[in-house]
Amino acid sequence: MDQIELGDVTVTRVWEYFGPVDIKREDFFPESSKEVWEDNSSWLDADFVDPDTQVVVSAIQTWVLRSEGRTILVDTGVGNYKERPYARVWSRLETQFLANLARAGVAPEDVDIVINTHLHNDHVGWNTYLDGRHWAPTFPNATYLMPKDDFDFWNPENGHKPRSGYGNQNVFEDSVAPVHQAGQTLLWENSHRIDGNLRLDAAPGHTPGASVLTLTSGSDRAVFVGDMLHTPVQILEPDVNSCFCEDPAGARATRRKVLGWAADNNALVIPAHLGGHGAAEVARDGSAFAIKGWAPFAAYSEQL
């Protein structure tokens, strides 16, 4: 089991997908320099980019937290059998995610809280499962914590036109609305205290309601940053956005703020999609940041 202890909180990494995402690095991160990829190719290759095609390699994973007697999921990946006409890699998947969750000792009914850091297609998919012809909540006893700003932005009834295009088509209908209609959502704004160890805070930019989860327990600190980072290159070049950021200026400001806090507080930075060792400690490096060390999770490229 891929697991670490942070103070009184147990953090377990549960895999859904690891591999190419059909977007080349220059398209995924158009503001990044060619030099940063080439100068760091010795460790970026395989875990974060395919050296032959320059296609970005990404992990889809859920972080399972056990805190104060409750089981908490941070993001729920892509899900099975979801129709994603503008996100081909994620369309109609059939993965072993629930079996992998079971191997981590978690059955769907054991989950107390689901955190969706934001409402993109690869963060909410296992919110629901296909029950006959209908989408039903996968975790029947859980409260699903969703940022209200994202709930409103992605609700098709509100008519917003995402800067990032149509990649999130069908997501609200099959992975968000069924949970809300079941009365299992808590739509929060600004900040939300989960327990003595965990707090959610708004961190807009990537999406209007993007959020981060801060863990503070004993002397340990960590921050689960969702899609504030998709690649370690964004630590080295913190002003680099992904092509999916709705508010580029806001995303840059959030990234610098959160990375600065992590560097100053010796906090582990835990993004949603890093392969390799999954998370990193960072340090200030002039106007940017450096990777001080990696988390002790096993690299997927060595396991799969």
# chains A, B, ... in the order shown; residues from 1 in each chain; ligands from 1
>>> residues_around(residues="stretch 277-280 of chain A", least_positions_apart="5", cutoff="6 Å", atoms="only C-alpha atoms", output="PDB file with all heavy atoms, in the first residue's frame")
ATOM      1  N   LEU A 268       4.646  19.665   2.416  1.00  0.00           N
ATOM      2  CA  LEU A 268       4.641  18.807   1.242  1.00  0.00           C
ATOM      3  C   LEU A 268       3.566  19.301   0.278  1.00  0.00           C
ATOM      4  O   LEU A 268       2.417  19.520   0.673  1.00  0.00           O
ATOM      5  CB  LEU A 268       4.347  17.372   1.670  1.00  0.00           C
ATOM      6  CG  LEU A 268       4.556  16.253   0.647  1.00  0.00           C
ATOM      7  CD1 LEU A 268       6.022  16.157   0.232  1.00  0.00           C
ATOM      8  CD2 LEU A 268       4.091  14.918   1.256  1.00  0.00           C
ATOM      9  N   VAL A 269       3.926  19.503  -0.991  1.00  0.00           N
ATOM     10  CA  VAL A 269       2.985  19.940  -2.022  1.00  0.00           C
ATOM     11  C   VAL A 269       2.498  18.694  -2.767  1.00  0.00           C
ATOM     12  O   VAL A 269       3.287  17.957  -3.356  1.00  0.00           O
ATOM     13  CB  VAL A 269       3.653  20.928  -3.003  1.00  0.00           C
ATOM     14  CG1 VAL A 269       2.689  21.316  -4.118  1.00  0.00           C
ATOM     15  CG2 VAL A 269       4.134  22.172  -2.251  1.00  0.00           C
ATOM     16  N   ILE A 270       1.181  18.478  -2.731  1.00  0.00           N
ATOM     17  CA  ILE A 270       0.594  17.241  -3.272  1.00  0.00           C
ATOM     18  C   ILE A 270      -0.403  17.604  -4.369  1.00  0.00           C
ATOM     19  O   ILE A 270      -1.571  17.897  -4.098  1.00  0.00           O
ATOM     20  CB  ILE A 270      -0.085  16.429  -2.160  1.00  0.00           C
ATOM     21  CG1 ILE A 270       0.886  16.208  -0.981  1.00  0.00           C
ATOM     22  CG2 ILE A 270      -0.570  15.089  -2.711  1.00  0.00           C
ATOM     23  CD1 ILE A 270       0.281  15.452   0.188  1.00  0.00           C
ATOM     24  N   GLY A 293      12.909  17.995  -2.261  1.00  0.00           N
ATOM     25  CA  GLY A 293      12.871  16.549  -2.054  1.00  0.00           C
ATOM     26  C   GLY A 293      11.524  15.997  -2.479  1.00  0.00           C
ATOM     27  O   GLY A 293      10.543  16.732  -2.597  1.00  0.00           O
ATOM     28  N   TRP A 294      11.504  14.698  -2.737  1.00  0.00           N
ATOM     29  CA  TRP A 294      10.278  14.036  -3.183  1.00  0.00           C
ATOM     30  C   TRP A 294       9.645  13.266  -2.033  1.00  0.00           C
ATOM     31  O   TRP A 294      10.330  12.835  -1.102  1.00  0.00           O
ATOM     32  CB  TRP A 294      10.575  13.069  -4.331  1.00  0.00           C
ATOM     33  CG  TRP A 294      11.066  13.728  -5.576  1.00  0.00           C
ATOM     34  CD1 TRP A 294      12.347  13.745  -6.043  1.00  0.00           C
ATOM     35  CD2 TRP A 294      10.295  14.468  -6.528  1.00  0.00           C
ATOM     36  NE1 TRP A 294      12.414  14.446  -7.227  1.00  0.00           N
ATOM     37  CE2 TRP A 294      11.178  14.908  -7.545  1.00  0.00           C
ATOM     38  CE3 TRP A 294       8.941  14.808  -6.619  1.00  0.00           C
ATOM     39  CZ2 TRP A 294      10.750  15.658  -8.638  1.00  0.00           C
ATOM     40  CZ3 TRP A 294       8.512  15.560  -7.705  1.00  0.00           C
ATOM     41  CH2 TRP A 294       9.410  15.970  -8.696  1.00  0.00           C
ATOM     42  N   ALA A 295       8.340  13.067  -2.119  1.00  0.00           N
ATOM     43  CA  ALA A 295       7.632  12.230  -1.151  1.00  0.00           C
ATOM     44  C   ALA A 295       8.075  10.777  -1.317  1.00  0.00           C
ATOM     45  O   ALA A 295       8.581  10.382  -2.374  1.00  0.00           O
ATOM     46  CB  ALA A 295       6.123  12.354  -1.363  1.00  0.00           C
ATOM     47  N   PHE A 297       6.417   8.098  -1.821  1.00  0.00           N
ATOM     48  CA  PHE A 297       5.564   7.199  -2.577  1.00  0.00           C
ATOM     49  C   PHE A 297       6.368   6.547  -3.706  1.00  0.00           C
ATOM     50  O   PHE A 297       7.266   7.168  -4.278  1.00  0.00           O
ATOM     51  CB  PHE A 297       4.374   7.946  -3.170  1.00  0.00           C
ATOM     52  CG  PHE A 297       3.442   8.538  -2.149  1.00  0.00           C
ATOM     53  CD1 PHE A 297       3.410   9.902  -1.938  1.00  0.00           C
ATOM     54  CD2 PHE A 297       2.604   7.724  -1.397  1.00  0.00           C
ATOM     55  CE1 PHE A 297       2.562  10.462  -0.995  1.00  0.00           C
ATOM     56  CE2 PHE A 297       1.754   8.269  -0.448  1.00  0.00           C
ATOM     57  CZ  PHE A 297       1.725   9.643  -0.247  1.00  0.00           C
ATOM     58  N   ALA A 298       6.032   5.316  -4.045  1.00  0.00           N
ATOM     59  CA  ALA A 298       6.712   4.618  -5.132  1.00  0.00           C
ATOM     60  C   ALA A 298       6.262   5.173  -6.478  1.00  0.00           C
ATOM     61  O   ALA A 298       5.083   5.457  -6.685  1.00  0.00           O
ATOM     62  CB  ALA A 298       6.422   3.121  -5.063  1.00  0.00           C
ATOM     63  N   ALA A 299       7.204   5.326  -7.406  1.00  0.00           N
ATOM     64  CA  ALA A 299       6.883   5.843  -8.726  1.00  0.00           C
ATOM     65  C   ALA A 299       6.067   4.819  -9.513  1.00  0.00           C
ATOM     66  O   ALA A 299       6.390   3.636  -9.527  1.00  0.00           O
ATOM     67  CB  ALA A 299       8.158   6.182  -9.494  1.00  0.00           C
TER      68      ALA A 299
END
>>> residues_around(residues="A:Asn116", least_positions_apart="5", cutoff="8 Å", atoms="only C-alpha atoms", output="PyMOL selection string")
chain A and resi 74-76+123-124+144-147
>>> write_last_selection(atoms="all heavy atoms", output="compact mmCIF listing (two decimals), in the first residue's frame")
# COMPACT_ATOMS: atom_id res chain seq x y z
N VAL A 74 -9.84 12.74 -1.58
CA VAL A 74 -9.53 14.00 -2.25
C VAL A 74 -9.50 13.73 -3.75
O VAL A 74 -8.59 13.09 -4.26
CB VAL A 74 -8.18 14.58 -1.79
CG1 VAL A 74 -7.91 15.91 -2.48
CG2 VAL A 74 -8.16 14.75 -0.27
N ASP A 75 -10.54 14.19 -4.44
CA ASP A 75 -10.76 14.03 -5.87
C ASP A 75 -11.05 12.57 -6.22
O ASP A 75 -10.54 11.65 -5.60
CB ASP A 75 -9.61 14.58 -6.70
CG ASP A 75 -9.58 16.11 -6.68
OD1 ASP A 75 -10.66 16.72 -6.61
OD2 ASP A 75 -8.48 16.69 -6.71
N THR A 76 -11.88 12.39 -7.24
CA THR A 76 -12.36 11.05 -7.56
C THR A 76 -12.09 10.62 -9.00
O THR A 76 -12.73 9.70 -9.51
CB THR A 76 -13.87 10.92 -7.26
OG1 THR A 76 -14.61 11.81 -8.11
CG2 THR A 76 -14.18 11.23 -5.80
N HIS A 123 -11.64 14.95 -11.98
CA HIS A 123 -11.64 15.14 -10.53
C HIS A 123 -12.96 14.72 -9.88
O HIS A 123 -13.04 14.67 -8.66
CB HIS A 123 -11.34 16.60 -10.18
CG HIS A 123 -9.95 17.00 -10.54
ND1 HIS A 123 -8.93 17.10 -9.62
CD2 HIS A 123 -9.39 17.27 -11.74
CE1 HIS A 123 -7.81 17.44 -10.24
NE2 HIS A 123 -8.07 17.53 -11.54
N VAL A 124 -13.96 14.44 -10.70
CA VAL A 124 -15.29 14.14 -10.16
C VAL A 124 -15.89 12.84 -10.69
O VAL A 124 -17.02 12.48 -10.33
CB VAL A 124 -16.27 15.30 -10.46
CG1 VAL A 124 -15.78 16.60 -9.86
CG2 VAL A 124 -16.52 15.46 -11.96
N TYR A 144 -20.36 15.22 -0.02
CA TYR A 144 -19.48 15.67 -1.09
C TYR A 144 -19.27 17.18 -0.95
O TYR A 144 -20.23 17.95 -1.07
CB TYR A 144 -20.09 15.37 -2.45
CG TYR A 144 -20.15 13.92 -2.87
CD1 TYR A 144 -20.98 13.00 -2.21
CD2 TYR A 144 -19.40 13.46 -3.95
CE1 TYR A 144 -21.06 11.68 -2.62
CE2 TYR A 144 -19.48 12.13 -4.37
CZ TYR A 144 -20.30 11.25 -3.70
OH TYR A 144 -20.37 9.94 -4.12
N LEU A 145 -18.04 17.58 -0.69
CA LEU A 145 -17.71 18.99 -0.55
C LEU A 145 -17.31 19.54 -1.91
O LEU A 145 -16.30 19.12 -2.49
CB LEU A 145 -16.56 19.18 0.45
CG LEU A 145 -16.81 18.65 1.86
CD1 LEU A 145 -15.58 18.90 2.74
CD2 LEU A 145 -18.05 19.28 2.47
N MET A 146 -18.10 20.48 -2.43
CA MET A 146 -17.85 21.08 -3.74
C MET A 146 -17.78 22.59 -3.60
O MET A 146 -18.61 23.19 -2.89
CB MET A 146 -18.97 20.73 -4.72
CG MET A 146 -19.14 19.25 -5.00
SD MET A 146 -20.48 18.97 -6.21
CE MET A 146 -20.50 17.17 -6.26
N PRO A 147 -16.83 23.24 -4.27
CA PRO A 147 -16.81 24.71 -4.24
C PRO A 147 -18.02 25.28 -4.96
O PRO A 147 -18.32 24.91 -6.10
CB PRO A 147 -15.51 25.06 -4.99
CG PRO A 147 -14.75 23.78 -5.13
CD PRO A 147 -15.75 22.69 -5.10
>>> closest_residue(among="A:Gly260, A:Pro30, A:Pro296, A:Gly275", to="A:Glu16", atoms="only C-alpha atoms")
A:Gly275
>>> residues_around(residues="A:Phe244", least_positions_apart="5", cutoff="12 Å", atoms="only C-alpha atoms", output="PDB file with C-alpha atoms, in the first residue's frame")
ATOM      1  CA  ILE A  23      -1.290  16.584 -25.429  1.00  0.00           C
ATOM      2  CA  ASP A  27       0.471  22.621 -26.070  1.00  0.00           C
ATOM      3  CA  PHE A  28      -0.293  21.664 -22.484  1.00  0.00           C
ATOM      4  CA  PHE A  29       2.084  24.320 -21.076  1.00  0.00           C
ATOM      5  CA  PRO A  30       2.468  26.870 -23.886  1.00  0.00           C
ATOM      6  CA  HIS A 120     -13.173  19.201 -14.003  1.00  0.00           C
ATOM      7  CA  ASN A 121     -13.864  15.848 -15.636  1.00  0.00           C
ATOM      8  CA  PRO A 162     -15.386  28.160 -20.489  1.00  0.00           C
ATOM      9  CA  ARG A 163     -12.171  29.574 -21.873  1.00  0.00           C
ATOM     10  CA  SER A 164     -10.888  25.992 -22.032  1.00  0.00           C
ATOM     11  CA  GLY A 165     -13.561  24.859 -24.496  1.00  0.00           C
ATOM     12  CA  TYR A 166     -15.828  21.817 -24.425  1.00  0.00           C
ATOM     13  CA  GLY A 167     -13.684  19.294 -22.527  1.00  0.00           C
ATOM     14  CA  ASN A 168     -16.037  19.300 -19.549  1.00  0.00           C
ATOM     15  CA  GLY A 205      -7.478  30.670 -11.243  1.00  0.00           C
ATOM     16  CA  HIS A 206      -7.425  27.230 -12.778  1.00  0.00           C
ATOM     17  CA  THR A 207     -11.204  27.332 -12.394  1.00  0.00           C
ATOM     18  CA  PRO A 208     -13.346  29.945 -10.622  1.00  0.00           C
ATOM     19  CA  ASP A 227      -4.609  21.308 -10.631  1.00  0.00           C
ATOM     20  CA  MET A 228      -2.702  24.336  -9.385  1.00  0.00           C
ATOM     21  CA  LEU A 229       0.187  22.196 -10.667  1.00  0.00           C
ATOM     22  CA  HIS A 230       0.066  19.576 -13.420  1.00  0.00           C
ATOM     23  CA  ALA A 251      -3.781  30.999 -11.610  1.00  0.00           C
TER      24      ALA A 251
END
>>> closest_residue(among="A:Lys148, A:Arg103, A:His134, A:Arg221", to="A:His118", atoms="only C-alpha atoms")
A:Lys148
>>> closest_residue(among="A:Glu94, A:Asp239, A:Asp110, A:Glu246", to="A:Lys161", atoms="only C-alpha atoms")
A:Glu246
>>> residues_around(residues="A:Val89", least_positions_apart="5", cutoff="12 Å", atoms="only C-alpha atoms", output="PyMOL selection string")
chain A and resi 17-23+57-58+60+78-84+94+121-122+167
>>> write_last_selection(atoms="N, CA and C atoms", output="PDB file, in the first residue's frame")
ATOM      1  N   TYR A  17      -5.239   5.780 -13.240  1.00  0.00           N
ATOM      2  CA  TYR A  17      -4.629   5.790 -14.585  1.00  0.00           C
ATOM      3  C   TYR A  17      -3.255   6.429 -14.487  1.00  0.00           C
ATOM      4  N   PHE A  18      -2.319   5.899 -15.265  1.00  0.00           N
ATOM      5  CA  PHE A  18      -1.026   6.549 -15.437  1.00  0.00           C
ATOM      6  C   PHE A  18      -0.578   6.325 -16.866  1.00  0.00           C
ATOM      7  N   GLY A  19      -0.325   7.438 -17.584  1.00  0.00           N
ATOM      8  CA  GLY A  19       0.114   7.293 -18.962  1.00  0.00           C
ATOM      9  C   GLY A  19      -0.028   8.588 -19.732  1.00  0.00           C
ATOM     10  N   PRO A  20       0.114   8.526 -21.052  1.00  0.00           N
ATOM     11  CA  PRO A  20       0.040   9.729 -21.887  1.00  0.00           C
ATOM     12  C   PRO A  20      -1.372  10.294 -21.936  1.00  0.00           C
ATOM     13  N   VAL A  21      -1.463  11.607 -22.120  1.00  0.00           N
ATOM     14  CA  VAL A  21      -2.774  12.271 -22.159  1.00  0.00           C
ATOM     15  C   VAL A  21      -3.044  12.939 -23.505  1.00  0.00           C
ATOM     16  N   ASP A  22      -2.275  12.561 -24.522  1.00  0.00           N
ATOM     17  CA  ASP A  22      -2.516  13.001 -25.904  1.00  0.00           C
ATOM     18  C   ASP A  22      -2.339  14.506 -26.116  1.00  0.00           C
ATOM     19  N   ILE A  23      -1.598  15.166 -25.246  1.00  0.00           N
ATOM     20  CA  ILE A  23      -1.290  16.584 -25.429  1.00  0.00           C
ATOM     21  C   ILE A  23       0.216  16.764 -25.279  1.00  0.00           C
ATOM     22  N   VAL A  57       2.812  12.977 -19.729  1.00  0.00           N
ATOM     23  CA  VAL A  57       2.406  11.784 -18.997  1.00  0.00           C
ATOM     24  C   VAL A  57       1.803  12.235 -17.675  1.00  0.00           C
ATOM     25  N   SER A  58       0.641  11.681 -17.337  1.00  0.00           N
ATOM     26  CA  SER A  58      -0.080  12.153 -16.166  1.00  0.00           C
ATOM     27  C   SER A  58      -0.635  10.985 -15.364  1.00  0.00           C
ATOM     28  N   ILE A  60      -3.798   9.816 -12.826  1.00  0.00           N
ATOM     29  CA  ILE A  60      -5.119  10.079 -12.251  1.00  0.00           C
ATOM     30  C   ILE A  60      -5.177   9.243 -10.983  1.00  0.00           C
ATOM     31  N   VAL A  78     -11.587  10.000 -13.028  1.00  0.00           N
ATOM     32  CA  VAL A  78     -12.338  10.070 -14.287  1.00  0.00           C
ATOM     33  C   VAL A  78     -13.644   9.291 -14.243  1.00  0.00           C
ATOM     34  N   GLY A  79     -13.610   8.101 -13.627  1.00  0.00           N
ATOM     35  CA  GLY A  79     -14.803   7.256 -13.589  1.00  0.00           C
ATOM     36  C   GLY A  79     -14.921   6.355 -14.800  1.00  0.00           C
ATOM     37  N   ASN A  80     -15.798   5.394 -14.683  1.00  0.00           N
ATOM     38  CA  ASN A  80     -16.028   4.433 -15.763  1.00  0.00           C
ATOM     39  C   ASN A  80     -17.276   4.769 -16.573  1.00  0.00           C
ATOM     40  N   TYR A  81     -17.180   4.492 -17.886  1.00  0.00           N
ATOM     41  CA  TYR A  81     -18.306   4.573 -18.821  1.00  0.00           C
ATOM     42  C   TYR A  81     -18.825   5.994 -19.040  1.00  0.00           C
ATOM     43  N   LYS A  82     -18.025   7.000 -18.719  1.00  0.00           N
ATOM     44  CA  LYS A  82     -18.474   8.375 -18.906  1.00  0.00           C
ATOM     45  C   LYS A  82     -18.258   8.794 -20.365  1.00  0.00           C
ATOM     46  N   GLU A  83     -19.263   9.454 -20.933  1.00  0.00           N
ATOM     47  CA  GLU A  83     -19.158   9.951 -22.308  1.00  0.00           C
ATOM     48  C   GLU A  83     -18.430  11.291 -22.287  1.00  0.00           C
ATOM     49  N   ARG A  84     -17.241  11.341 -22.906  1.00  0.00           N
ATOM     50  CA  ARG A  84     -16.437  12.554 -22.929  1.00  0.00           C
ATOM     51  C   ARG A  84     -16.030  12.852 -24.383  1.00  0.00           C
ATOM     52  N   GLU A  94     -12.731   1.923 -18.555  1.00  0.00           N
ATOM     53  CA  GLU A  94     -13.086   0.781 -17.708  1.00  0.00           C
ATOM     54  C   GLU A  94     -11.860   0.458 -16.876  1.00  0.00           C
ATOM     55  N   ASN A 121     -13.471  17.232 -15.357  1.00  0.00           N
ATOM     56  CA  ASN A 121     -13.864  15.848 -15.636  1.00  0.00           C
ATOM     57  C   ASN A 121     -13.005  14.795 -14.947  1.00  0.00           C
ATOM     58  N   ASP A 122     -11.726  15.091 -14.706  1.00  0.00           N
ATOM     59  CA  ASP A 122     -10.812  14.112 -14.115  1.00  0.00           C
ATOM     60  C   ASP A 122     -10.670  14.279 -12.603  1.00  0.00           C
ATOM     61  N   GLY A 167     -14.187  20.523 -23.159  1.00  0.00           N
ATOM     62  CA  GLY A 167     -13.684  19.294 -22.527  1.00  0.00           C
ATOM     63  C   GLY A 167     -14.507  18.802 -21.360  1.00  0.00           C
TER      64      GLY A 167
END
>>> closest_residue(among="A:Ile115, A:Leu6, A:Arg88, A:Asn170", to="A:Arg199", atoms="only C-alpha atoms")
A:Ile115
>>> closest_residue(among="A:Asp45, A:Asp264, A:Asn155, A:Thr71", to="A:Gln169", atoms="only C-alpha atoms")
A:Asn155
>>> atom_distance(atom1="atom CA of A:Pro232", atom2="atom CA of A:Trp43")
10.2 Å
>>> residues_around(residues="A:Asn40", least_positions_apart="2", cutoff="12 Å", atoms="only C-alpha atoms", output="short mmCIF file (atom, residue, chain, number, x, y, z; two decimals) with all heavy atoms, in the first residue's frame")
data_model
loop_
_atom_site.label_atom_id
_atom_site.label_comp_id
_atom_site.auth_asym_id
_atom_site.auth_seq_id
_atom_site.Cartn_x
_atom_site.Cartn_y
_atom_site.Cartn_z
N SER A 33 9.33 27.17 -21.03
CA SER A 33 10.49 27.26 -21.92
C SER A 33 10.95 25.88 -22.35
O SER A 33 10.85 24.91 -21.58
CB SER A 33 11.63 27.98 -21.21
OG SER A 33 12.13 27.20 -20.14
N LYS A 34 11.44 25.81 -23.56
CA LYS A 34 11.99 24.55 -24.05
C LYS A 34 13.17 24.11 -23.19
O LYS A 34 13.37 22.92 -22.92
CB LYS A 34 12.42 24.72 -25.51
CG LYS A 34 12.98 23.47 -26.16
CD LYS A 34 13.37 23.75 -27.61
CE LYS A 34 13.95 22.52 -28.28
NZ LYS A 34 14.36 22.80 -29.69
N GLU A 35 13.92 25.09 -22.70
CA GLU A 35 15.14 24.80 -21.94
C GLU A 35 14.83 24.07 -20.63
O GLU A 35 15.58 23.18 -20.21
CB GLU A 35 15.91 26.09 -21.64
CG GLU A 35 16.57 26.73 -22.84
CD GLU A 35 15.56 27.42 -23.76
OE1 GLU A 35 14.44 27.78 -23.28
OE2 GLU A 35 15.87 27.60 -24.97
N VAL A 36 13.72 24.44 -19.96
CA VAL A 36 13.45 23.82 -18.66
C VAL A 36 13.16 22.33 -18.83
O VAL A 36 13.56 21.51 -18.00
CB VAL A 36 12.30 24.54 -17.92
CG1 VAL A 36 10.94 24.25 -18.56
CG2 VAL A 36 12.28 24.16 -16.44
N TRP A 37 12.50 21.96 -19.93
CA TRP A 37 12.25 20.55 -20.18
C TRP A 37 13.55 19.81 -20.53
O TRP A 37 13.78 18.70 -20.05
CB TRP A 37 11.25 20.39 -21.32
CG TRP A 37 9.89 20.91 -21.01
CD1 TRP A 37 9.39 22.15 -21.31
CD2 TRP A 37 8.82 20.22 -20.33
NE1 TRP A 37 8.09 22.28 -20.87
CE2 TRP A 37 7.71 21.12 -20.27
CE3 TRP A 37 8.70 18.95 -19.79
CZ2 TRP A 37 6.51 20.76 -19.67
CZ3 TRP A 37 7.48 18.59 -19.20
CH2 TRP A 37 6.42 19.49 -19.14
N GLU A 38 14.36 20.44 -21.35
CA GLU A 38 15.60 19.79 -21.78
C GLU A 38 16.61 19.70 -20.64
O GLU A 38 17.28 18.68 -20.46
CB GLU A 38 16.20 20.55 -22.96
CG GLU A 38 15.33 20.45 -24.22
CD GLU A 38 15.88 21.25 -25.38
OE1 GLU A 38 16.79 22.09 -25.14
OE2 GLU A 38 15.42 21.04 -26.52
N SER A 42 16.49 14.41 -17.45
CA SER A 42 16.95 13.19 -16.79
C SER A 42 15.92 12.67 -15.79
O SER A 42 15.83 11.47 -15.54
CB SER A 42 18.28 13.43 -16.08
OG SER A 42 18.16 14.42 -15.08
N TRP A 43 15.12 13.56 -15.20
CA TRP A 43 14.11 13.10 -14.26
C TRP A 43 12.68 13.38 -14.73
O TRP A 43 11.73 12.79 -14.21
CB TRP A 43 14.34 13.69 -12.86
CG TRP A 43 14.37 15.20 -12.80
CD1 TRP A 43 15.46 16.00 -12.94
CD2 TRP A 43 13.26 16.07 -12.56
NE1 TRP A 43 15.11 17.32 -12.83
CE2 TRP A 43 13.77 17.40 -12.57
CE3 TRP A 43 11.91 15.87 -12.33
CZ2 TRP A 43 12.94 18.51 -12.37
CZ3 TRP A 43 11.09 16.97 -12.12
CH2 TRP A 43 11.62 18.27 -12.15
N LEU A 44 12.49 14.27 -15.71
CA LEU A 44 11.15 14.50 -16.24
C LEU A 44 10.69 13.38 -17.16
O LEU A 44 9.51 13.03 -17.20
CB LEU A 44 11.10 15.83 -17.01
CG LEU A 44 11.07 17.11 -16.18
CD1 LEU A 44 11.25 18.32 -17.09
CD2 LEU A 44 9.77 17.21 -15.40
N ASP A 45 11.64 12.82 -17.92
CA ASP A 45 11.29 11.76 -18.87
C ASP A 45 10.72 10.55 -18.13
O ASP A 45 11.14 10.21 -17.03
CB ASP A 45 12.52 11.34 -19.67
CG ASP A 45 12.94 12.39 -20.70
OD1 ASP A 45 12.22 13.41 -20.81
OD2 ASP A 45 13.98 12.22 -21.35
N ALA A 46 9.79 9.91 -18.72
CA ALA A 46 9.10 8.70 -18.25
C ALA A 46 8.03 9.02 -17.23
O ALA A 46 6.87 8.64 -17.40
CB ALA A 46 10.08 7.68 -17.68
N ASP A 47 8.36 9.73 -16.15
CA ASP A 47 7.36 10.02 -15.12
C ASP A 47 6.45 11.18 -15.48
O ASP A 47 5.31 11.25 -15.00
CB ASP A 47 8.04 10.32 -13.78
CG ASP A 47 8.58 9.07 -13.11
OD1 ASP A 47 8.00 7.98 -13.31
OD2 ASP A 47 9.58 9.17 -12.37
N PHE A 48 6.94 12.12 -16.32
CA PHE A 48 6.17 13.34 -16.57
C PHE A 48 6.02 13.70 -18.04
O PHE A 48 5.18 14.52 -18.39
CB PHE A 48 6.81 14.52 -15.82
CG PHE A 48 6.98 14.25 -14.35
CD1 PHE A 48 8.23 14.04 -13.81
CD2 PHE A 48 5.88 14.19 -13.51
CE1 PHE A 48 8.39 13.78 -12.45
CE2 PHE A 48 6.02 13.94 -12.16
CZ PHE A 48 7.28 13.73 -11.62
N VAL A 49 6.83 13.11 -18.92
CA VAL A 49 6.70 13.37 -20.35
C VAL A 49 7.33 12.20 -21.10
O VAL A 49 8.33 11.63 -20.64
CB VAL A 49 7.37 14.71 -20.73
CG1 VAL A 49 8.87 14.67 -20.53
CG2 VAL A 49 7.02 15.11 -22.16
N PRO A 51 9.66 10.91 -23.69
CA PRO A 51 10.80 11.54 -24.36
C PRO A 51 10.77 11.41 -25.88
O PRO A 51 11.39 12.21 -26.58
CB PRO A 51 12.01 10.82 -23.76
CG PRO A 51 11.48 9.51 -23.28
CD PRO A 51 10.08 9.79 -22.84
N PRO A 232 5.92 19.18 -12.44
CA PRO A 232 6.93 19.84 -11.62
C PRO A 232 7.55 21.06 -12.30
O PRO A 232 8.14 21.91 -11.62
CB PRO A 232 7.99 18.75 -11.39
CG PRO A 232 7.33 17.48 -11.72
CD PRO A 232 6.25 17.76 -12.70
N VAL A 233 7.44 21.14 -13.62
CA VAL A 233 7.96 22.32 -14.33
C VAL A 233 7.33 23.60 -13.80
O VAL A 233 7.96 24.66 -13.77
CB VAL A 233 7.74 22.16 -15.85
CG1 VAL A 233 7.92 23.48 -16.59
CG2 VAL A 233 8.69 21.10 -16.41
N LEU A 236 9.37 25.00 -11.00
CA LEU A 236 10.58 25.67 -11.49
C LEU A 236 10.25 26.96 -12.22
O LEU A 236 11.03 27.93 -12.18
CB LEU A 236 11.34 24.72 -12.42
CG LEU A 236 11.65 23.32 -11.87
CD1 LEU A 236 12.41 22.50 -12.90
CD2 LEU A 236 12.42 23.39 -10.56
N ALA A 290 12.41 25.74 -6.14
CA ALA A 290 13.17 24.54 -6.46
C ALA A 290 12.55 23.36 -5.74
O ALA A 290 11.86 23.52 -4.73
CB ALA A 290 14.62 24.72 -6.05
N ILE A 291 12.81 22.17 -6.26
CA ILE A 291 12.34 20.94 -5.62
C ILE A 291 13.40 20.50 -4.62
O ILE A 291 14.53 20.19 -4.99
CB ILE A 291 12.07 19.85 -6.68
CG1 ILE A 291 10.93 20.31 -7.59
CG2 ILE A 291 11.73 18.52 -6.01
CD1 ILE A 291 10.79 19.50 -8.86
#
